Every structure is written in C-alpha cells, then in structure tokens.
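Below is one structure, written out as structure tokens; the observations come after it.
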Amino acid sequence: MSTSPAEVVGPLMRGVAVLRALSDADGRLSLGELVRTTGLARSTIDRVAATLARMGYLRLDGSTATLGPRLMELANAYLGALRLPALLGPYAVRLAEELDESVSLAVPDGDGIRFVHQSTRRRAMSLTFRIGDLLPAERTAPGPLFAAHWTPEQWQAWHHRRAADPAGLAFPAAPPAEAAAGARADDFEERIEAARTASWAVDDQLIEPGLIAVAAPLRDPAGTPVCALSVVSHTSRHSAESLRKAVLPRLRAAATAMEAELARDRTPAPTAPHALAAWTSASKQELGSEFVESLARGLTVLTAFGTGRAELTLSAVAEATGLARATARRALITLGHLGLVATEGRTFRLTPRVLALGCPPLSRAALSDIAAPHLAALVRTVHDSASLAVLDGDAIQYTARVATTRIMSVNITLGTRLPAYAASMGRVLLAGLDAGDRAARLGRTELSPLTPHTVTSPDALASVLERVADQGYALVDEELEEGLRSIAVPVRDAGGRAVAAVNVAMHTTRRTVPECLAEVLPELRATAAAIEADLHVVGRFCPTPLS
C-alpha cells in the first residue's frame, strides 16, 4: 500500500482493516485472531469491535466477533449507486430460467472482477459465487473482456501482483491456482485477443475443476465494458465448447437487451441518506472511550451514496451525513486511500472494493442466521423457548430455535415439521396467503383432531385464519398438543409478504392467555420487527435463503 496521506483518519483505517479481516475469514473471528490477523493491539481491537457492535456492523459473543447484518448497508450503498443489479437483475433471472443454468453479473475491480448479481439454479451440484467475491481476472471468463481495455498502469499492476503472489492468495474466494485443472496465466494475453475479436470469453476450469463459464460484455455508448454477463455450468452437464454452442446466441441476445436497458436515460429518484452524525455523537457520550467516533463517522460517509446518489460533491456528502465539511473531507481522503472511494474532478463515487467489507459472507446469510441472535434475546426476556419456521407445503418446518433451560420445556428440533393448520406459526403463515392459495392448501389438508381442542371444521378454521390476518398474531391453546400453548407473529420481507413466523411456546401452567397477550406478544412483535429490519438490509440486493 502506498504511503498514507497526512490527513488520513487512523481509526477509520483500523476499522476497515478489521472488517476486511472478518470478511476474508467468512465473517467470524475471535478477538485474539483479529489481533494476529490485523497486527493491531488488543486494546485497539476491543475499541473497534465495541464501536462496530454499536453500529450493528458486528456482533460480539464473548470473545468472538461475527459480522452483523447491518453491515450490508455499505454494500447496498455501492450496489444502489451502481444500478446494475436493480436494472439488469430481472433480465439475469429470466436468462437463468430459460437456460436452466446459473447466471452472473460481474464488474471490473483493478486486475480482478467482482460479482454484483447472481441468479442460481438449485441443484445438488450448486454453482455460484457470492455477491462481492473478488477473483483474479486471468482465471475467469469476464477477465479477458475487461483486460482488453486495461491501461498500461493496470497491466503493470497485474504483472507486479502475479510476481508477488503467484498462488493468488490475495483472492480468498478463489481456490489456489494449482487446484484448478486449467489454471494458466501464460495464455492470458492470447485469451484477451480472442475475446477482443469474438466479444465473448470462456473459463474452462480456470477457477475450479469442473466449473466452466461463458461471458459476454455489456458496453457503454463509448464501447467500454461496464460489466460482464456470464453463464456458469459444470462439466457433468457440458464441456466448455458445448456450453458455448448451447448458450452463446441467447447470451448475446440477453446482453443486447441489457445494453438497451442501460442506454435508456432514466435518472432514479434519490434515496434518503442517513444523517447519522447526531447518532454518533450520542453514542460517544453514552459509551465514552469505548466508542471510536471517527471510525463511525468515516463509515457513515459511505452511506451517503446510493440509488440516485452515485456521484456526490464534498458539500453533498457533508449535508447527507450531517458532518462538518472538514470531517467529511478527511474521511473521503482516507476512504480514497483505501480504494473504497474514487475521485472524478470535484465529485466522489464508491468503488467495487466496498463489497469487500462483509458482503460475500453476508450475501449468503440465511434467514435462520439473521434470526438466531434475536431469538436468543427474546428467550432471555420471556424465559420460554422461541422458534422460527417457514411454510413448506401444508406443514411448517422449524429453521431456527432457541430453547429455555427448564426442567419442563417444549422439546422441538430443527427440521421438525408440524401441520400448519394446528400450529400458531402455521396459522400466521396461512393467514398471510391470498384467499385462493389459502383455500387450496386447506382443501387438500386432512384436518385431523390432534387433541380434543383442535379446530377441525373447515369453516371454523377459515374464520380463525381471517381473525389471525386481522389481528396480526395467532394464539394456539392445546390444539397441537395438550398442555402446550404458543403465540406467533409473522416475519415479513420488504414487500410485506409473510415469509416466516416466530413464536414463543410454553406449558399452559406458565402463563394464562391474557398474560401471553400482555407479556409475550409485545416482545414477540419487537423481535419480529428486529428480524425484519436485518432481513430488509441483507436481502435488498441479495435474496435471502429462507431455510
């Protein structure tokens, strides 16, 4: 790294180093491991971790630090400003469905490429990269398409990197070069010339044995590739040549349609930035020396960018964040030194390197991972077991659970399936369906009496579900099992659809029904809201697996 400018913000540099170390380690390290990885003092790590935890950017469990879902707001700022996922994602989804293969969008990042969108096919042999993964250009299909436009300085950087890091250890998302069947860099320039002539390129097991891909460029009006569209498959389905023959015509047609979409002059409405300067000041007053305000404010600068805010002046950044111009300026200088911000005249923009701050591991976070810490907090408050479940056919399936420590408690394991009609979480999820889907599911379900209290009349159950939909919760009292009382609320995605449910279950002797409504329901709703807030951040550009 070049010599740091005199005005860099040291705490911001150290905080970014911690986030990068956690991201490279798949999102989880002990504080001691962070000391060894970053070379920072333990006292510094403790203060940085406390600050990032306060921001929701990581979670502390004893001496272990785990990236928090809220960190995805940094990646979302870049992806929103980029616009490519929002504009081209639907095209990529359709192409993946038509070809029955995984489809990716990647952008250039120095002498590598970073993925900004994935549309995958669910198979036992899954082929996908994570959003934000950085791969060496010479071992990918998009790489030659971008390298055909490299400047002499970029070529010099590539040669220097190859000499200093022949195994590609600087690319943690890529297996070591010797692990790939066809990984050779000495023919990279030949492949670039071929890509320049043909306007497509292939990856024949350069990244990993068995993985093959074909890519085509998406160009701006000047003819420069702004991103690459790739179709990814496996040698069990195709050879590199048969994949090219099978998908290239459709790939090129999709690329043409995407280029036309990019060429349309549509300025998106700007999103509201987060003026967090007041929040950081309040946090500093509350936590004192444990809160590194300059780190928090520096990361806040990244959130000034986003949809409709791709390029900002210093004044616009200061206004968006609520920071003084001098503070915003020093943060931008630091972020520019770290490669997270680029300068063009008097304006600034985010670079793809922002995705290195936690996006790859968080882009794969399942809803159960997001919910688990919130369920644990709920259990500590209500002292009864809490669970998360999704609708699977006519049943619910438990995907996350935190049990309480009692001699007599509800004993359910992950993966357990229960009939939706008789479970509180099932009723919440059935009530969230449109009327036709709900009627169809109930029409093919045998409403068996699991206890003497189970509602088995279709008309009575329909009335119960209407009431659940109106009140926003379901309370099931000894209908699933005698002695078992549970209450559930929905967890909704950003579109308002109930994608899961969370409940608290207990023995009937623990609380009366009125006590459940007065004591548990407010806590349950607060937990669902916290899960939803994290889900909406993580899932904005990266669809979250529900199970």
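Within each chain, counting starts at residue 1; across the structure tokens, chains are named A, B, ... in the order shown, with ligands numbered 1 upward in that order.
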
Mind dumping a table of every stretch 352-410 of chain A residue within 10 Å of stretch 62-82 of chain A, with the nearest atom pair and its distance in Å to one decimal, using only C-alpha atoms, sorted by chain and rising number, as a tab-separated table?
```
residue	atom	partner	partner_atom	distance
A:Pro352	CA	A:Tyr78	CA	7.1
A:Arg353	CA	A:Tyr78	CA	9.2
A:Val354	CA	A:Ala75	CA	6.1
A:Leu355	CA	A:Ala75	CA	5.2
A:Ala356	CA	A:Ala75	CA	8.3
A:Leu357	CA	A:Ala75	CA	7.4
A:Gly358	CA	A:Leu71	CA	6.8
A:Cys359	CA	A:Ala75	CA	6.2
A:Pro360	CA	A:Ala75	CA	9.7
A:Pro361	CA	A:Leu67	CA	8.4
A:Leu362	CA	A:Pro69	CA	6.7
A:Ser363	CA	A:Met72	CA	8.2
A:Ala365	CA	A:Pro69	CA	8.4
A:Asp369	CA	A:Pro69	CA	9.5
A:Ile370	CA	A:Pro69	CA	7.0
```

Return as JSON, numbers by chain the full set of residues in stretch 51-232 of chain A whose backbone-based DSSP assignment is alpha helix (DSSP H). {"A": [51, 52, 53, 54, 72, 73, 74, 75, 76, 77, 78, 79, 80, 81, 82, 84, 85, 86, 87, 88, 89, 90, 91, 92, 93, 94, 95, 96, 97, 98, 99, 142, 143, 144, 145, 146, 147, 152, 153, 154, 155, 156, 157, 158, 159, 160, 161, 162, 163, 164, 188, 189, 190, 191, 192, 193, 194, 195, 196, 197, 198]}

If you count only C-alpha atoms, which residues fall within 8 Å of A:Thr351, apart from same-chain ones fewer than 4 positions away, as a list in words?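 Residues meeting the cut-off are Tyr78, Asp109, Gly339, Leu340, Val341 and Ala342 of chain A.
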
Could the residues in this selection be written to a file with all heavy atoms, as a PDB file, in the first residue's frame?
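Resulting contents of part_31.pdb:
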```
ATOM      1  N   TYR A  78     -23.200   0.925  -2.376  1.00  0.00           N
ATOM      2  CA  TYR A  78     -22.500   0.770  -3.662  1.00  0.00           C
ATOM      3  C   TYR A  78     -23.423   0.175  -4.716  1.00  0.00           C
ATOM      4  O   TYR A  78     -23.517   0.685  -5.849  1.00  0.00           O
ATOM      5  CB  TYR A  78     -21.261  -0.107  -3.507  1.00  0.00           C
ATOM      6  CG  TYR A  78     -20.699  -0.538  -4.835  1.00  0.00           C
ATOM      7  CD1 TYR A  78     -20.005   0.360  -5.646  1.00  0.00           C
ATOM      8  CD2 TYR A  78     -20.907  -1.829  -5.321  1.00  0.00           C
ATOM      9  CE1 TYR A  78     -19.529  -0.014  -6.886  1.00  0.00           C
ATOM     10  CE2 TYR A  78     -20.431  -2.211  -6.561  1.00  0.00           C
ATOM     11  CZ  TYR A  78     -19.738  -1.301  -7.335  1.00  0.00           C
ATOM     12  OH  TYR A  78     -19.281  -1.671  -8.578  1.00  0.00           O
ATOM     13  N   ASP A 109     -12.628  -4.768 -11.123  1.00  0.00           N
ATOM     14  CA  ASP A 109     -12.098  -4.163  -9.903  1.00  0.00           C
ATOM     15  C   ASP A 109     -10.583  -4.332  -9.924  1.00  0.00           C
ATOM     16  O   ASP A 109     -10.057  -5.386  -9.548  1.00  0.00           O
ATOM     17  CB  ASP A 109     -12.697  -4.820  -8.666  1.00  0.00           C
ATOM     18  CG  ASP A 109     -12.273  -4.125  -7.370  1.00  0.00           C
ATOM     19  OD1 ASP A 109     -11.523  -3.139  -7.449  1.00  0.00           O
ATOM     20  OD2 ASP A 109     -12.689  -4.572  -6.291  1.00  0.00           O
ATOM     21  N   GLY A 339      -8.972   2.767  -1.291  1.00  0.00           N
ATOM     22  CA  GLY A 339      -9.543   2.249  -2.532  1.00  0.00           C
ATOM     23  C   GLY A 339     -11.036   2.072  -2.501  1.00  0.00           C
ATOM     24  O   GLY A 339     -11.604   1.453  -3.406  1.00  0.00           O
ATOM     25  N   LEU A 340     -11.706   2.632  -1.508  1.00  0.00           N
ATOM     26  CA  LEU A 340     -13.152   2.479  -1.387  1.00  0.00           C
ATOM     27  C   LEU A 340     -13.910   3.592  -2.093  1.00  0.00           C
ATOM     28  O   LEU A 340     -15.101   3.447  -2.385  1.00  0.00           O
ATOM     29  CB  LEU A 340     -13.555   2.444   0.086  1.00  0.00           C
ATOM     30  CG  LEU A 340     -12.932   1.310   0.911  1.00  0.00           C
ATOM     31  CD1 LEU A 340     -13.213   1.519   2.385  1.00  0.00           C
ATOM     32  CD2 LEU A 340     -13.448  -0.041   0.456  1.00  0.00           C
ATOM     33  N   VAL A 341     -13.246   4.703  -2.330  1.00  0.00           N
ATOM     34  CA  VAL A 341     -13.840   5.861  -2.986  1.00  0.00           C
ATOM     35  C   VAL A 341     -12.912   6.326  -4.090  1.00  0.00           C
ATOM     36  O   VAL A 341     -11.683   6.320  -3.923  1.00  0.00           O
ATOM     37  CB  VAL A 341     -14.077   7.005  -1.968  1.00  0.00           C
ATOM     38  CG1 VAL A 341     -14.425   8.303  -2.680  1.00  0.00           C
ATOM     39  CG2 VAL A 341     -15.194   6.632  -0.996  1.00  0.00           C
ATOM     40  N   ALA A 342     -13.483   6.700  -5.227  1.00  0.00           N
ATOM     41  CA  ALA A 342     -12.714   7.253  -6.346  1.00  0.00           C
ATOM     42  C   ALA A 342     -13.129   8.697  -6.557  1.00  0.00           C
ATOM     43  O   ALA A 342     -14.280   9.074  -6.293  1.00  0.00           O
ATOM     44  CB  ALA A 342     -12.952   6.444  -7.614  1.00  0.00           C
TER      45      ALA A 342
END
```

Going by DSSP on the backbone, which residues of stretch 20-232 of chain A come out as strand (DSSP E)? List them as number ranges by chain. A: 28-30, 58-61, 64-67, 102-109, 112-119, 134-136, 201-204, 211-219, 225-232

Rounded to one decimal place, report the atom CA of A:Gly56-atom CA of A:His374 distance in Å.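 If I compute the distance from atom CA of A:Gly56 to atom CA of A:His374, I get 12.6 Å.
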
Compile the contact shell of A:Gln154 as a list of chain:residue names: residues with an atom at most 9 Å away, counting only C-alpha atoms, same-chain residues fewer than 6 positions apart removed.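 Residues meeting the cut-off are A:Gly110, A:Asp111, A:Ala147.
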
Taking into account only C-alpha atoms, which residue in the set A:Ala377, A:Leu465, A:Val317, A:Ala431 is nearest to A:Arg497?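 Nearest candidate to A:Arg497 out of A:Ala377, A:Leu465, A:Val317, A:Ala431: A:Ala431.
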
For stretch 246-257 of chain A, find every residue with an atom within 12 Å (counting only C-alpha atoms), except residues of its own chain fewer than 2 positions away, and show them as a ChimeraX atom specification. /A:87-105,198-202,213-220,225-233,237-244,259-264
